[in-house]
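Engineer: I'd like to ask you about the structure that follows.
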Amino acid sequence: MKTEARPQPPTAERISHVQTVHGIELSDDYFWLRERDDGRVRAYLEAENAYTDAMTAHTVDLQDTLYRETLARIKETDTGPPVREDGWLYYSRTVEGLQYAIHCRKHGSMAADEEVLLDENELADGQDYFSLGVFETSPDHTLLAYSTDVTGSEEYRLVIKELTTGRLLDDVIQNTSYSLAWSSDGRTFLYTVLDAAKRAYKVFRHTVGTAATADALVHHETDDAFWCHVWRSTSKRFLFMMVASSTAGETFVASADDPAGEFRLIAPRAPEVEYYVADQGERFLIWTNEDAKNFRLMEAPIDDPGPGSWRELIPHREDTKIETVQTFRDHIVILERRDGLTHLRVEETSTGDAHDVEMPEPVYVVAPGPNPTYDTSTLRFVYTSLVTPTSHFDYDMAARARTLVKQSEVLGGYEPSRYTSERVLVPALDGVGIPMSLVYRKDRPRDGSAPALLYGYGAYGISVDPTFNSNRISLLDRGFVYAIAHVRGGGELGERWREDGKKLKKPNSFTDFIACAEWLVGNGYTAPRSFAIQGASAGGLLMGAIANMRPDLFAVVITQVPFVDVVNTMLDPSLPLTVGEYDEWGDPSDPEYLRAMLSYSPYDNVEAKAYPHVLVTSGLNDPRVQYWEPAKYVAKLRALKTDDHVVLLKTLMETGHAGPSGRYDALRESAFISAFILDRLGLA
């Protein structure tokens, strides 16, 4: 294999940036990479991309093979399960050769004529990136409010389409975020806009047909740790506005029938107190973590919803977390998490009778689907597992019977019975049991000779659930075990699990992951020479920390849009999202938190020693993890490592945090990563 010269930073710019914080001198040799508008920075990133292309050129045929394998499993022309609302059936479909979805509806039944509401392919034509944000029809189903992002910056342009004519109205609103709520009149809606730090900080009210400059300001959130979100209740009676941080919040409610109505505060924000609200009949249902770490369910009358009127319906349980609640006229559906798995609890309102919806596999994930109809006894839910493709069910809550609406087809002869999935508990360094989900072919050996890919995240209380991914089959059929380490910091085992992997306890996430890796090696699933690990975003932080701590345990590290420059980022409150992150990592203005971050920040802990092969990806327009974090990390890793393993940086110059937006482009990127793993493990 030909070895290419590695890109070098411009020598004139290699001047250390030095700052002293709490008496600690912090030096950054690659600070200059933050200069986005400097042509030399872009040239350096493009040189890195050229180097990556050269160093992976010998895998192009393998990439193409993997791409064709994954593509052959997908039903390219397909129609999603329809969702009924007010006599309309809404659905999306895909067409072979087209990157994006086409959104449609029919009236009455699927035998009716199709009406195309929005073709994402037309909107994406000529764009390197495309993302659809809000997609909300008006209550009378005559208007569609939708927003688009064509850079990956997550700044959305909002427009209104007249569905009876297909005409775009003159209403155009720039710099909007992810939420919108229509009033009952179908001519007024609420929306959120972003500040310079990409925080949804203002809520406005817009009347269709008027200029955005005339929109009324409903709320301006001045606390940089809080963001705004709006929605319309399932009953369609209320508009909700939530103002929240990652650990606290408050919710306001207004009548959907009064477009200019005032919002009432349900309960004021308080430190470390979260609560969420839904309506049913003449009551609000409120699930809160006040005096209940895993949340408890309360009710309050609509005309007097303050905390003094709250009455407990479901008490706090140490082993079960309430994740969300959906309301129907005669039932409530509670998504609970217990033993690391999700459960659906259905309760009949009039009798209080409750039951769990039974699931067929020991390792799975289930969640409520879209349920826009309030007056129904049918629950749409979505089920999947590591071996079962995504399946949409309609569940009769009164009869306790389910009907399969649609299961994603996996073409090419996929046979679930060839594979097995399991959940194991791995003892951590402190003796705590760490759940790990595994999937593999039943005929793979257990003598340590087979390869493995271990995935991890472990932050923000986000659970990495064991879902199906047909792309994974190419690795499973090449003998891999695919595993997910459900490390502390995630939400798999409730709020305590989350808290035990954040702030000063963040190192638990790292040692948990190492324990899972050692378990796989010790139990014959793989060996270090055949072992790859992968994580993205905050999971990229996990990968960088692990690579510093135990580089001997793995052969390949895949780290995507990684949050690796923890200290420098958290010391700069002007960067997008930084202030809101203090709840997760700590505020470095406190010396205890600064020292903690310095102890694990991947960029700050790169040393002169041998590392595995490393592939790092990023997006130039990423607002969540700035492109310079992975770029700086790669430059420092290359400068200090003592081995001859490759370290590659691939920056997608037209995208953001989510990577390629088109479905075929995403498959290509997945094939590129899998090819890198196979090649560097000697399995190409």
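Identifiers in this document derive from the order of the structure tokens: chains are assigned A, B, ..., residues are numbered from 1 separately in each chain, and ligands are numbered from 1 in order of occurrence.
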Can you pull out the residues contacting Thr569 of chain A? Cut-off 9 Å, using only C-alpha atoms, and skip same-chain residues under 4 positions away; I want them as a ChimeraX atom specification.

Structural biologist: /A:563,565,573,575,578,626,629

Engineer: Pick out the residues sitting within 9 Å of Ser421 of chain A, and hand them over as number ranges by chain; count only C-alpha atoms, and ignore anything fewer than 2 positions along from it in its own chain.

Structural biologist: A: 362-363, 385-387, 419, 423, 437-441

Engineer: Write out as number ranges by chain each polymer residue whose atoms come within 9 Å of Glu154 of chain A, counting only C-alpha atoms; drop sequence neighbours fewer than 6 positions from it.

Structural biologist: A: 131, 133, 148, 175-178, 198, 621-623, 656-657

Engineer: What's the separation between atom CA of Thr349 of chain A and atom CA of Arg329 of chain A, in Å to one decimal place?

Structural biologist: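 Answer for the atom CA of Thr349 of chain A to atom CA of Arg329 of chain A separation: 8.2 Å.
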
Engineer: Using only C-alpha atoms, pick whichever of A:Ser350, A:Ser449, A:Ser589, A:Ser509 has the shortest atom-to-atom distance to Ala527 of chain A.

Structural biologist: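 Result for the nearest residue to Ala527 of chain A: A:Ser449.
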
Engineer: Could you check which of A:Ile332, A:Val405, A:Ile484, A:Val424 is closest to Gln534 of chain A, using only C-alpha atoms?

Structural biologist: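 Using only C-alpha atoms, the shortest distance to Gln534 of chain A belongs to A:Ile484.
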
Engineer: Quick one: residues within 12 Å of Thr351 of chain A, only C-alpha atoms, excluding same-chain residues fewer than 5 positions away - as a PyMOL selection string?

Structural biologist: chain A and resi 330-332+346+398

Engineer: Residues of segment 128-223 of chain A in strand (DSSP E) according to DSSP, as a ChimeraX atom specification?

Structural biologist: /A:131-137,143-149,156-162,167-182,188-194,200-207,216-220

Engineer: Using C-alpha atoms, can you export the residues from the last selection as a PDB file, in the first residue's frame?

Structural biologist:
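Saved to selection09.pdb:
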ATOM      1  CA  SER A 131     -32.929  18.422   6.147  1.00  0.00           C
ATOM      2  CA  LEU A 132     -36.643  18.825   6.765  1.00  0.00           C
ATOM      3  CA  GLY A 133     -37.446  20.441  10.114  1.00  0.00           C
ATOM      4  CA  VAL A 134     -41.050  21.063  11.166  1.00  0.00           C
ATOM      5  CA  PHE A 135     -43.844  19.536   9.083  1.00  0.00           C
ATOM      6  CA  GLU A 136     -47.223  20.563  10.504  1.00  0.00           C
ATOM      7  CA  THR A 137     -50.568  20.757   8.723  1.00  0.00           C
ATOM      8  CA  LEU A 143     -52.105  24.663   5.005  1.00  0.00           C
ATOM      9  CA  LEU A 144     -48.718  23.083   5.592  1.00  0.00           C
ATOM     10  CA  ALA A 145     -45.995  24.785   7.627  1.00  0.00           C
ATOM     11  CA  TYR A 146     -42.592  23.286   6.933  1.00  0.00           C
ATOM     12  CA  SER A 147     -38.967  24.298   7.371  1.00  0.00           C
ATOM     13  CA  THR A 148     -35.702  23.369   5.668  1.00  0.00           C
ATOM     14  CA  ASP A 149     -31.978  23.473   6.365  1.00  0.00           C
ATOM     15  CA  TYR A 156     -34.273  26.394   9.468  1.00  0.00           C
ATOM     16  CA  ARG A 157     -36.181  28.526   6.952  1.00  0.00           C
ATOM     17  CA  LEU A 158     -39.936  28.273   7.587  1.00  0.00           C
ATOM     18  CA  VAL A 159     -42.550  28.636   4.839  1.00  0.00           C
ATOM     19  CA  ILE A 160     -46.302  28.038   4.392  1.00  0.00           C
ATOM     20  CA  LYS A 161     -47.813  26.005   1.560  1.00  0.00           C
ATOM     21  CA  GLU A 162     -51.438  26.262   0.497  1.00  0.00           C
ATOM     22  CA  ARG A 167     -48.904  27.646  -3.874  1.00  0.00           C
ATOM     23  CA  LEU A 168     -46.229  28.879  -1.474  1.00  0.00           C
ATOM     24  CA  LEU A 169     -47.439  31.897   0.458  1.00  0.00           C
ATOM     25  CA  ASP A 170     -45.318  34.983   0.940  1.00  0.00           C
ATOM     26  CA  ASP A 171     -44.771  34.103   4.603  1.00  0.00           C
ATOM     27  CA  VAL A 172     -41.061  33.323   5.100  1.00  0.00           C
ATOM     28  CA  ILE A 173     -39.445  33.133   8.531  1.00  0.00           C
ATOM     29  CA  GLN A 174     -35.688  32.668   8.874  1.00  0.00           C
ATOM     30  CA  ASN A 175     -33.558  31.182  11.651  1.00  0.00           C
ATOM     31  CA  THR A 176     -36.237  28.996  13.206  1.00  0.00           C
ATOM     32  CA  SER A 177     -35.829  25.912  15.370  1.00  0.00           C
ATOM     33  CA  TYR A 178     -37.576  22.549  15.644  1.00  0.00           C
ATOM     34  CA  SER A 179     -41.046  23.334  17.016  1.00  0.00           C
ATOM     35  CA  LEU A 180     -44.312  24.847  15.803  1.00  0.00           C
ATOM     36  CA  ALA A 181     -47.896  24.799  17.145  1.00  0.00           C
ATOM     37  CA  TRP A 182     -51.050  25.783  15.250  1.00  0.00           C
ATOM     38  CA  THR A 188     -52.149  31.425  13.597  1.00  0.00           C
ATOM     39  CA  PHE A 189     -49.202  29.486  14.952  1.00  0.00           C
ATOM     40  CA  LEU A 190     -46.363  29.686  17.457  1.00  0.00           C
ATOM     41  CA  TYR A 191     -42.739  29.070  16.501  1.00  0.00           C
ATOM     42  CA  THR A 192     -39.258  29.359  18.026  1.00  0.00           C
ATOM     43  CA  VAL A 193     -36.153  31.175  16.794  1.00  0.00           C
ATOM     44  CA  LEU A 194     -32.454  30.819  17.541  1.00  0.00           C
ATOM     45  CA  ALA A 200     -34.230  28.402  20.807  1.00  0.00           C
ATOM     46  CA  TYR A 201     -34.630  31.488  22.975  1.00  0.00           C
ATOM     47  CA  LYS A 202     -37.734  33.279  21.684  1.00  0.00           C
ATOM     48  CA  VAL A 203     -41.310  32.229  20.943  1.00  0.00           C
ATOM     49  CA  PHE A 204     -43.297  34.264  18.416  1.00  0.00           C
ATOM     50  CA  ARG A 205     -46.917  34.204  17.238  1.00  0.00           C
ATOM     51  CA  HIS A 206     -47.454  34.455  13.486  1.00  0.00           C
ATOM     52  CA  THR A 207     -50.643  35.143  11.525  1.00  0.00           C
ATOM     53  CA  ALA A 216     -45.823  39.167  18.365  1.00  0.00           C
ATOM     54  CA  LEU A 217     -43.185  38.090  20.880  1.00  0.00           C
ATOM     55  CA  VAL A 218     -44.729  35.576  23.286  1.00  0.00           C
ATOM     56  CA  HIS A 219     -41.657  34.694  25.360  1.00  0.00           C
ATOM     57  CA  HIS A 220     -38.008  35.739  25.511  1.00  0.00           C
TER      58      HIS A 220
END

Engineer: Pick out the residues sitting within 10 Å of segment 296-311 of chain A, and hand them over as a VMD selection string; count only C-alpha atoms, and ignore anything fewer than 2 positions along from it in its own chain.

Structural biologist: chain A and resid 253 264 to 268 275 to 294 313 to 317 320 to 322 324 to 325 334

Engineer: Near segment 49-53 of chain A, within 9 Å and counting only C-alpha atoms, which residues show up once chain neighbours fewer than 6 positions away are dropped, as a short mmCIF file (atom, residue, chain, number, x, y, z; two decimals) with N, CA and C atoms, in the first residue's frame?

Structural biologist:
data_model
loop_
_atom_site.label_atom_id
_atom_site.label_comp_id
_atom_site.auth_asym_id
_atom_site.auth_seq_id
_atom_site.Cartn_x
_atom_site.Cartn_y
_atom_site.Cartn_z
N GLU A 4 1.12 8.02 1.74
CA GLU A 4 1.07 9.41 1.32
C GLU A 4 1.62 10.30 2.43
N ALA A 5 2.13 11.46 2.01
CA ALA A 5 2.60 12.44 2.99
C ALA A 5 1.40 12.99 3.75
N ARG A 6 1.53 13.06 5.06
CA ARG A 6 0.43 13.55 5.88
C ARG A 6 0.39 15.07 5.85
N PRO A 7 -0.80 15.67 5.88
CA PRO A 7 -0.91 17.13 5.87
C PRO A 7 -0.24 17.73 7.10
N VAL A 647 -3.99 7.41 11.32
CA VAL A 647 -4.98 8.29 11.93
C VAL A 647 -5.52 9.17 10.81
N LEU A 648 -6.81 9.03 10.53
CA LEU A 648 -7.41 9.72 9.40
C LEU A 648 -8.51 10.66 9.86
N LEU A 649 -8.61 11.79 9.19
CA LEU A 649 -9.68 12.77 9.44
C LEU A 649 -10.46 12.96 8.15
N LYS A 650 -11.77 12.80 8.23
CA LYS A 650 -12.65 13.05 7.10
C LYS A 650 -13.67 14.11 7.50
N THR A 651 -13.53 15.30 6.92
CA THR A 651 -14.45 16.39 7.20
C THR A 651 -15.42 16.54 6.04
N LEU A 652 -16.69 16.37 6.30
CA LEU A 652 -17.71 16.59 5.28
C LEU A 652 -17.94 18.09 5.18
#

Engineer: From a DSSP pass on the backbone, collect the residues of segment 353-520 of chain A flagged as alpha helix (DSSP H) and hand them back as a PDB file with C-alpha atoms, in the first residue's frame.

Structural biologist:
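result34.pdb written:
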ATOM      1  CA  ILE A 473     -25.707  -7.484   8.587  1.00  0.00           C
ATOM      2  CA  SER A 474     -22.624  -7.130   6.384  1.00  0.00           C
ATOM      3  CA  LEU A 475     -20.434  -7.209   9.483  1.00  0.00           C
ATOM      4  CA  LEU A 476     -22.443  -9.931  11.223  1.00  0.00           C
ATOM      5  CA  GLU A 495     -31.994   8.782  36.436  1.00  0.00           C
ATOM      6  CA  ARG A 496     -29.448   7.439  38.905  1.00  0.00           C
ATOM      7  CA  TRP A 497     -27.730   5.732  35.986  1.00  0.00           C
ATOM      8  CA  ARG A 498     -27.553   9.072  34.247  1.00  0.00           C
ATOM      9  CA  GLU A 499     -26.244  10.927  37.274  1.00  0.00           C
ATOM     10  CA  PRO A 507     -15.057   8.569  34.501  1.00  0.00           C
ATOM     11  CA  ASN A 508     -17.573   5.833  35.320  1.00  0.00           C
ATOM     12  CA  SER A 509     -18.627   5.907  31.659  1.00  0.00           C
ATOM     13  CA  PHE A 510     -15.064   5.130  30.600  1.00  0.00           C
ATOM     14  CA  THR A 511     -14.359   2.360  33.077  1.00  0.00           C
ATOM     15  CA  ASP A 512     -17.770   0.804  32.348  1.00  0.00           C
ATOM     16  CA  PHE A 513     -16.940   0.639  28.658  1.00  0.00           C
ATOM     17  CA  ILE A 514     -13.529  -0.877  29.350  1.00  0.00           C
ATOM     18  CA  ALA A 515     -15.154  -3.491  31.592  1.00  0.00           C
ATOM     19  CA  CYS A 516     -17.535  -4.462  28.772  1.00  0.00           C
ATOM     20  CA  ALA A 517     -14.643  -4.715  26.326  1.00  0.00           C
ATOM     21  CA  GLU A 518     -12.621  -6.858  28.709  1.00  0.00           C
ATOM     22  CA  TRP A 519     -15.669  -9.107  29.229  1.00  0.00           C
ATOM     23  CA  LEU A 520     -15.941  -9.701  25.478  1.00  0.00           C
TER      24      LEU A 520
END

Engineer: Taking a cut-off of 10 Å and counting only C-alpha atoms, can you build a table that, for each residue of segment 383-435 of chain A near segment 67-75 of chain A, reports the nearest atom pair and how far apart they are in Å (one decimal), sorted by chain then residue number, as a tab-separated table?

Structural biologist:
residue	atom	partner	partner_atom	distance
A:Ser408	CA	A:Lys75	CA	8.4
A:Glu409	CA	A:Lys75	CA	6.5
A:Val410	CA	A:Arg73	CA	5.0
A:Leu411	CA	A:Arg73	CA	4.2
A:Gly412	CA	A:Arg73	CA	5.4
A:Gly413	CA	A:Arg73	CA	8.3
A:Tyr414	CA	A:Arg73	CA	7.9

Engineer: Please, could you write that set of residues out with C-alpha atoms as a CSV table (one decimal), in the first residue's frame?

Structural biologist:
chain,number,residue,atom,x,y,z
A,408,SER,CA,-39.7,-2.9,7.2
A,409,GLU,CA,-38.7,-5.4,4.5
A,410,VAL,CA,-35.2,-6.7,4.5
A,411,LEU,CA,-34.4,-8.1,1.0
A,412,GLY,CA,-31.7,-10.4,-0.1
A,413,GLY,CA,-32.7,-13.4,2.0
A,414,TYR,CA,-32.3,-12.1,5.5

Engineer: If you measure from atom CA of Ala111 of chain A to atom CA of Tyr395 of chain A, what distance in Å do you get, rounded to one decimal?

Structural biologist: 22.7 Å
